[in-house]
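The data block below is start-v2.pdb; it holds PDB, C-alpha atoms and all ligand atoms.
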```pdb
ATOM      1  CA  MET A   4      85.917 103.456 135.093  1.00  0.00           C
ATOM      2  CA  GLU A   5      85.258 106.351 132.780  1.00  0.00           C
ATOM      3  CA  THR A   6      82.441 105.866 130.293  1.00  0.00           C
ATOM      4  CA  ASN A   7      80.210 107.907 128.040  1.00  0.00           C
ATOM      5  CA  GLN A   8      83.082 109.947 126.690  1.00  0.00           C
ATOM      6  CA  THR A   9      82.672 111.040 123.148  1.00  0.00           C
ATOM      7  CA  GLU A  10      85.663 110.763 120.937  1.00  0.00           C
ATOM      8  CA  MET A  11      86.438 113.694 118.715  1.00  0.00           C
ATOM      9  CA  PRO A  12      89.130 113.725 116.088  1.00  0.00           C
ATOM     10  CA  PHE A  13      92.042 115.828 117.246  1.00  0.00           C
ATOM     11  CA  VAL A  14      93.924 117.777 114.640  1.00  0.00           C
ATOM     12  CA  PRO A  15      96.882 119.642 116.091  1.00  0.00           C
ATOM     13  CA  GLU A  16      97.422 123.139 114.738  1.00  0.00           C
ATOM     14  CA  THR A  17     101.117 122.508 114.373  1.00  0.00           C
ATOM     15  CA  LYS A  18     102.698 119.157 113.872  1.00  0.00           C
ATOM     16  CA  GLU A  19     104.606 117.924 116.887  1.00  0.00           C
ATOM     17  CA  PRO A  20     108.300 117.552 116.016  1.00  0.00           C
ATOM     18  CA  LEU A  21     109.735 114.057 115.941  1.00  0.00           C
ATOM     19  CA  THR A  22     111.982 112.950 118.755  1.00  0.00           C
ATOM     20  CA  ASP A  23     115.348 111.498 117.761  1.00  0.00           C
ATOM     21  CA  ALA A  24     114.048 108.034 118.659  1.00  0.00           C
ATOM     22  CA  GLN A  25     110.952 108.474 116.487  1.00  0.00           C
ATOM     23  CA  ALA A  26     112.993 109.733 113.535  1.00  0.00           C
ATOM     24  CA  SER A  27     115.385 106.816 113.910  1.00  0.00           C
ATOM     25  CA  PHE A  28     112.484 104.362 114.144  1.00  0.00           C
ATOM     26  CA  ILE A  29     110.926 105.749 110.949  1.00  0.00           C
ATOM     27  CA  ASP A  30     114.217 105.487 109.061  1.00  0.00           C
ATOM     28  CA  SER A  31     114.816 101.959 110.338  1.00  0.00           C
ATOM     29  CA  ILE A  32     111.375 100.584 109.672  1.00  0.00           C
ATOM     30  CA  ASN A  33     111.219 102.128 106.225  1.00  0.00           C
ATOM     31  CA  ASP A  34     114.648 100.650 105.413  1.00  0.00           C
ATOM     32  CA  LEU A  35     113.526  97.249 106.721  1.00  0.00           C
ATOM     33  CA  SER A  36     110.360  97.508 104.669  1.00  0.00           C
ATOM     34  CA  GLN A  37     112.402  98.040 101.493  1.00  0.00           C
ATOM     35  CA  THR A  38     114.756  95.163 102.362  1.00  0.00           C
ATOM     36  CA  ILE A  39     111.866  92.798 103.129  1.00  0.00           C
ATOM     37  CA  HIS A  40     110.159  93.711  99.880  1.00  0.00           C
ATOM     38  CA  ALA A  41     113.375  93.251  97.894  1.00  0.00           C
ATOM     39  CA  THR A  42     113.719  89.751  99.382  1.00  0.00           C
ATOM     40  CA  ALA A  43     110.113  88.898  98.521  1.00  0.00           C
ATOM     41  CA  VAL A  44     110.642  90.169  94.963  1.00  0.00           C
ATOM     42  CA  SER A  45     113.812  88.095  94.638  1.00  0.00           C
ATOM     43  CA  LYS A  46     111.899  84.985  95.735  1.00  0.00           C
ATOM     44  CA  GLY A  47     109.290  85.474  93.021  1.00  0.00           C
ATOM     45  CA  TRP A  48     106.386  86.594  95.209  1.00  0.00           C
ATOM     46  CA  TRP A  49     105.851  89.755  93.187  1.00  0.00           C
ATOM     47  CA  ASP A  50     106.225  88.377  89.640  1.00  0.00           C
ATOM     48  CA  GLY A  51     102.578  89.178  89.004  1.00  0.00           C
ATOM     49  CA  ASP A  52     100.184  91.735  90.377  1.00  0.00           C
ATOM     50  CA  ARG A  53      98.940  90.939  93.872  1.00  0.00           C
ATOM     51  CA  ASN A  54      95.611  92.187  95.097  1.00  0.00           C
ATOM     52  CA  ASN A  55      95.073  93.878  98.436  1.00  0.00           C
ATOM     53  CA  GLY A  56      92.616  91.244  99.640  1.00  0.00           C
ATOM     54  CA  GLU A  57      95.144  88.456  99.141  1.00  0.00           C
ATOM     55  CA  LEU A  58      97.894  90.388 100.895  1.00  0.00           C
ATOM     56  CA  ILE A  59      95.695  91.239 103.879  1.00  0.00           C
ATOM     57  CA  ALA A  60      94.440  87.647 104.109  1.00  0.00           C
ATOM     58  CA  LEU A  61      98.039  86.491 104.324  1.00  0.00           C
ATOM     59  CA  ILE A  62      98.628  88.935 107.203  1.00  0.00           C
ATOM     60  CA  HIS A  63      95.584  87.387 108.913  1.00  0.00           C
ATOM     61  CA  SER A  64      97.000  83.923 108.345  1.00  0.00           C
ATOM     62  CA  GLU A  65     100.193  84.775 110.199  1.00  0.00           C
ATOM     63  CA  ALA A  66      98.200  86.075 113.189  1.00  0.00           C
ATOM     64  CA  SER A  67      96.225  82.824 113.155  1.00  0.00           C
ATOM     65  CA  GLU A  68      99.469  80.860 113.114  1.00  0.00           C
ATOM     66  CA  ALA A  69     100.536  82.782 116.237  1.00  0.00           C
ATOM     67  CA  LEU A  70      97.247  81.869 117.906  1.00  0.00           C
ATOM     68  CA  GLU A  71      97.711  78.211 117.009  1.00  0.00           C
ATOM     69  CA  ALA A  72     101.259  78.250 118.369  1.00  0.00           C
ATOM     70  CA  LEU A  73      99.933  79.585 121.676  1.00  0.00           C
ATOM     71  CA  ARG A  74      97.061  77.059 121.684  1.00  0.00           C
ATOM     72  CA  HIS A  75      99.630  74.281 121.425  1.00  0.00           C
ATOM     73  CA  GLY A  76     101.899  75.493 124.218  1.00  0.00           C
ATOM     74  CA  ASN A  77     104.095  77.894 122.227  1.00  0.00           C
ATOM     75  CA  GLY A  78     107.045  75.580 121.771  1.00  0.00           C
ATOM     76  CA  PRO A  79     110.116  76.391 119.739  1.00  0.00           C
ATOM     77  CA  SER A  80     109.616  77.688 116.229  1.00  0.00           C
ATOM     78  CA  ASP A  81     110.178  75.164 113.447  1.00  0.00           C
ATOM     79  CA  HIS A  82     112.308  77.596 111.439  1.00  0.00           C
ATOM     80  CA  ILE A  83     114.095  79.663 114.112  1.00  0.00           C
ATOM     81  CA  PRO A  84     114.119  77.348 117.155  1.00  0.00           C
ATOM     82  CA  GLU A  85     115.818  79.880 119.411  1.00  0.00           C
ATOM     83  CA  PHE A  86     112.431  81.665 119.347  1.00  0.00           C
ATOM     84  CA  SER A  87     108.949  80.460 120.223  1.00  0.00           C
ATOM     85  CA  GLY A  88     106.325  79.748 117.605  1.00  0.00           C
ATOM     86  CA  ALA A  89     104.377  82.851 118.620  1.00  0.00           C
ATOM     87  CA  GLU A  90     107.470  85.010 118.286  1.00  0.00           C
ATOM     88  CA  GLU A  91     108.109  83.687 114.779  1.00  0.00           C
ATOM     89  CA  GLU A  92     104.528  84.144 113.632  1.00  0.00           C
ATOM     90  CA  MET A  93     104.210  87.656 115.024  1.00  0.00           C
ATOM     91  CA  ALA A  94     107.431  88.467 113.180  1.00  0.00           C
ATOM     92  CA  ASP A  95     105.745  87.106 110.052  1.00  0.00           C
ATOM     93  CA  VAL A  96     102.810  89.462 110.627  1.00  0.00           C
ATOM     94  CA  ILE A  97     105.177  92.425 110.706  1.00  0.00           C
ATOM     95  CA  ILE A  98     107.200  91.165 107.733  1.00  0.00           C
ATOM     96  CA  ARG A  99     104.064  90.821 105.620  1.00  0.00           C
ATOM     97  CA  VAL A 100     102.806  94.261 106.670  1.00  0.00           C
ATOM     98  CA  LEU A 101     106.151  95.816 105.765  1.00  0.00           C
ATOM     99  CA  ASP A 102     106.316  93.935 102.446  1.00  0.00           C
ATOM    100  CA  MET A 103     102.854  95.155 101.462  1.00  0.00           C
ATOM    101  CA  SER A 104     103.636  98.689 102.617  1.00  0.00           C
ATOM    102  CA  ALA A 105     106.777  98.870 100.481  1.00  0.00           C
ATOM    103  CA  ALA A 106     104.953  97.441  97.477  1.00  0.00           C
ATOM    104  CA  ARG A 107     102.207 100.024  97.792  1.00  0.00           C
ATOM    105  CA  GLY A 108     104.551 102.923  98.545  1.00  0.00           C
ATOM    106  CA  TRP A 109     102.979 103.498 101.917  1.00  0.00           C
ATOM    107  CA  ARG A 110     104.751 105.586 104.591  1.00  0.00           C
ATOM    108  CA  ILE A 111     104.354 102.948 107.253  1.00  0.00           C
ATOM    109  CA  GLY A 112     106.985 104.310 109.660  1.00  0.00           C
ATOM    110  CA  GLU A 113     105.468 107.771 109.671  1.00  0.00           C
ATOM    111  CA  ALA A 114     101.966 106.302 109.972  1.00  0.00           C
ATOM    112  CA  ILE A 115     102.944 104.237 113.026  1.00  0.00           C
ATOM    113  CA  ILE A 116     104.297 107.302 114.836  1.00  0.00           C
ATOM    114  CA  GLU A 117     101.237 109.404 113.975  1.00  0.00           C
ATOM    115  CA  LYS A 118      98.860 106.640 115.051  1.00  0.00           C
ATOM    116  CA  MET A 119     100.758 106.242 118.333  1.00  0.00           C
ATOM    117  CA  ARG A 120     100.343 109.975 118.921  1.00  0.00           C
ATOM    118  CA  PHE A 121      96.640 109.734 118.098  1.00  0.00           C
ATOM    119  CA  ASN A 122      96.191 106.764 120.429  1.00  0.00           C
ATOM    120  CA  ASP A 123      97.923 108.675 123.209  1.00  0.00           C
ATOM    121  CA  ARG A 124      95.257 111.409 122.917  1.00  0.00           C
ATOM    122  CA  ARG A 125      92.301 109.033 122.826  1.00  0.00           C
ATOM    123  CA  ALA A 126      89.749 108.835 125.582  1.00  0.00           C
ATOM    124  CA  PHE A 127      89.885 106.142 128.222  1.00  0.00           C
ATOM    125  CA  ARG A 128      88.776 102.914 126.521  1.00  0.00           C
ATOM    126  CA  HIS A 129      88.229 105.035 123.436  1.00  0.00           C
ATOM    127  CA  GLY A 130      85.046 106.537 124.788  1.00  0.00           C
ATOM    128  CA  GLY A 131      83.612 103.578 126.638  1.00  0.00           C
ATOM    129  CA  LYS A 132      84.172 100.609 124.349  1.00  0.00           C
ATOM    130  CA  VAL A 133      83.870  97.317 126.219  1.00  0.00           C
ATOM    131  CA  PHE A 134      86.884  95.770 124.451  1.00  0.00           C
TER     132      PHE A 134
HETATM  133 MG    MG B   1     104.254  82.003 109.483  1.00  0.00          MG
END
```
Go ahead and render the structure in this file as structure tokens.
Amino acid sequence: METNQTEMPFVPETKEPLTDAQASFIDSINDLSQTIHATAVSKGWWDGDRNNGELIALIHSEASEALEALRHGNGPSDHIPEFSGAEEEMADVIIRVLDMSAARGWRIGEAIIEKMRFNDRRAFRHGGKVF
């Protein structure tokens, strides 16, 4: 196991071009983000201002619901029974992230690709972290 590696930020001199799959992913996820946000707006969830702490807490709550589903055997979802409870709740995590991203005007698709590229360059266990 490699340890004691220092992790330095890596800034490429030229930006790596997107693959077709990455470009398609960005377009798709940004479109989904807008659709998800439009649905949330239509259901009244954005009638007033929403603070970042509340929105992030709600993302946490969906991850906790996934954990609870797994703790209880991960049976069928209550709302989409062709999927497990964990599948539904992890979908909720992503839906809430995309809703918040659209509301804040964040470039979530582009950020995901760039963070994947960054992660790919990171040191083994990110420089020796235990977990
Ligand atoms: Mg949920």
Can you tell me which residues surround A:Gly76 at a distance of at most 10 Å, considering all atoms listed in the file, apart from same-chain residues fewer than 5 positions away, and format the answer as an MDAnalysis selection string?
chainID A and resid 71 87:89
Test item: the PyMOL selection byres (((not hetatm)) within 10 of (chain B and resi 1)) resolved as a PyMOL selection string:
chain A and resi 61-62+64-69+80-82+88-96+98-99
Okay, now the selection with C-alpha atoms, as a compact mmCIF listing (two decimals), in the frame of the given file?
```txt
# COMPACT_ATOMS: atom_id res chain seq x y z
CA LEU A 61 98.04 86.49 104.32
CA ILE A 62 98.63 88.94 107.20
CA SER A 64 97.00 83.92 108.34
CA GLU A 65 100.19 84.78 110.20
CA ALA A 66 98.20 86.08 113.19
CA SER A 67 96.22 82.82 113.16
CA GLU A 68 99.47 80.86 113.11
CA ALA A 69 100.54 82.78 116.24
CA SER A 80 109.62 77.69 116.23
CA ASP A 81 110.18 75.16 113.45
CA HIS A 82 112.31 77.60 111.44
CA GLY A 88 106.32 79.75 117.60
CA ALA A 89 104.38 82.85 118.62
CA GLU A 90 107.47 85.01 118.29
CA GLU A 91 108.11 83.69 114.78
CA GLU A 92 104.53 84.14 113.63
CA MET A 93 104.21 87.66 115.02
CA ALA A 94 107.43 88.47 113.18
CA ASP A 95 105.74 87.11 110.05
CA VAL A 96 102.81 89.46 110.63
CA ILE A 98 107.20 91.16 107.73
CA ARG A 99 104.06 90.82 105.62
```
Around all listed atoms of stretch 88-107 of chain A, padded 4 Å per side, what centre and edge lengths does the axis-aligned box have in Å to one decimal, as JSON?
```
{"center_x": 105.2, "center_y": 89.9, "center_z": 108.0, "size_x": 13.9, "size_y": 28.3, "size_z": 29.1}
```
Might you spell out which residues the PyMOL selection byres (((chain A and resi 33) around 10) and not hetatm) would select in the displayed file, as a VMD selection string?
chain A and resid 27 to 32 34 to 39 101 104 to 105 109 to 113
Computed interatomic separation between atom CA of A:Ile97 and atom CA of A:Met119 (Å):
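Those two atoms sit 16.4 Å apart.
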Which residue out of A:Val133, A:Met103, A:Ala24, A:Ala41 has the minimum interatomic distance to A:Ile59 when all atoms listed in the file are used?
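So, comparing all the options, the nearest one is A:Met103.
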What separation in Å, quoted to one decimal, exists between atom CA of A:Ala60 and atom CA of A:Arg125?
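Atom CA of A:Arg125 lies at a distance of 28.5 Å from atom CA of A:Ala60.
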Could you check how far atom CA of A:Ala43 sits from atom CA of A:Ala114, in Å to one decimal?
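Between these atoms lies a distance of 22.4 Å.
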When you look at A:Asp52 with a cut-off of 12 Å (counting only C-alpha atoms), what residues show up, excluding the ones that are within fewer than 6 positions of it in the same chain? I need them as number ranges by chain.
A: 44, 58, 103, 106-107
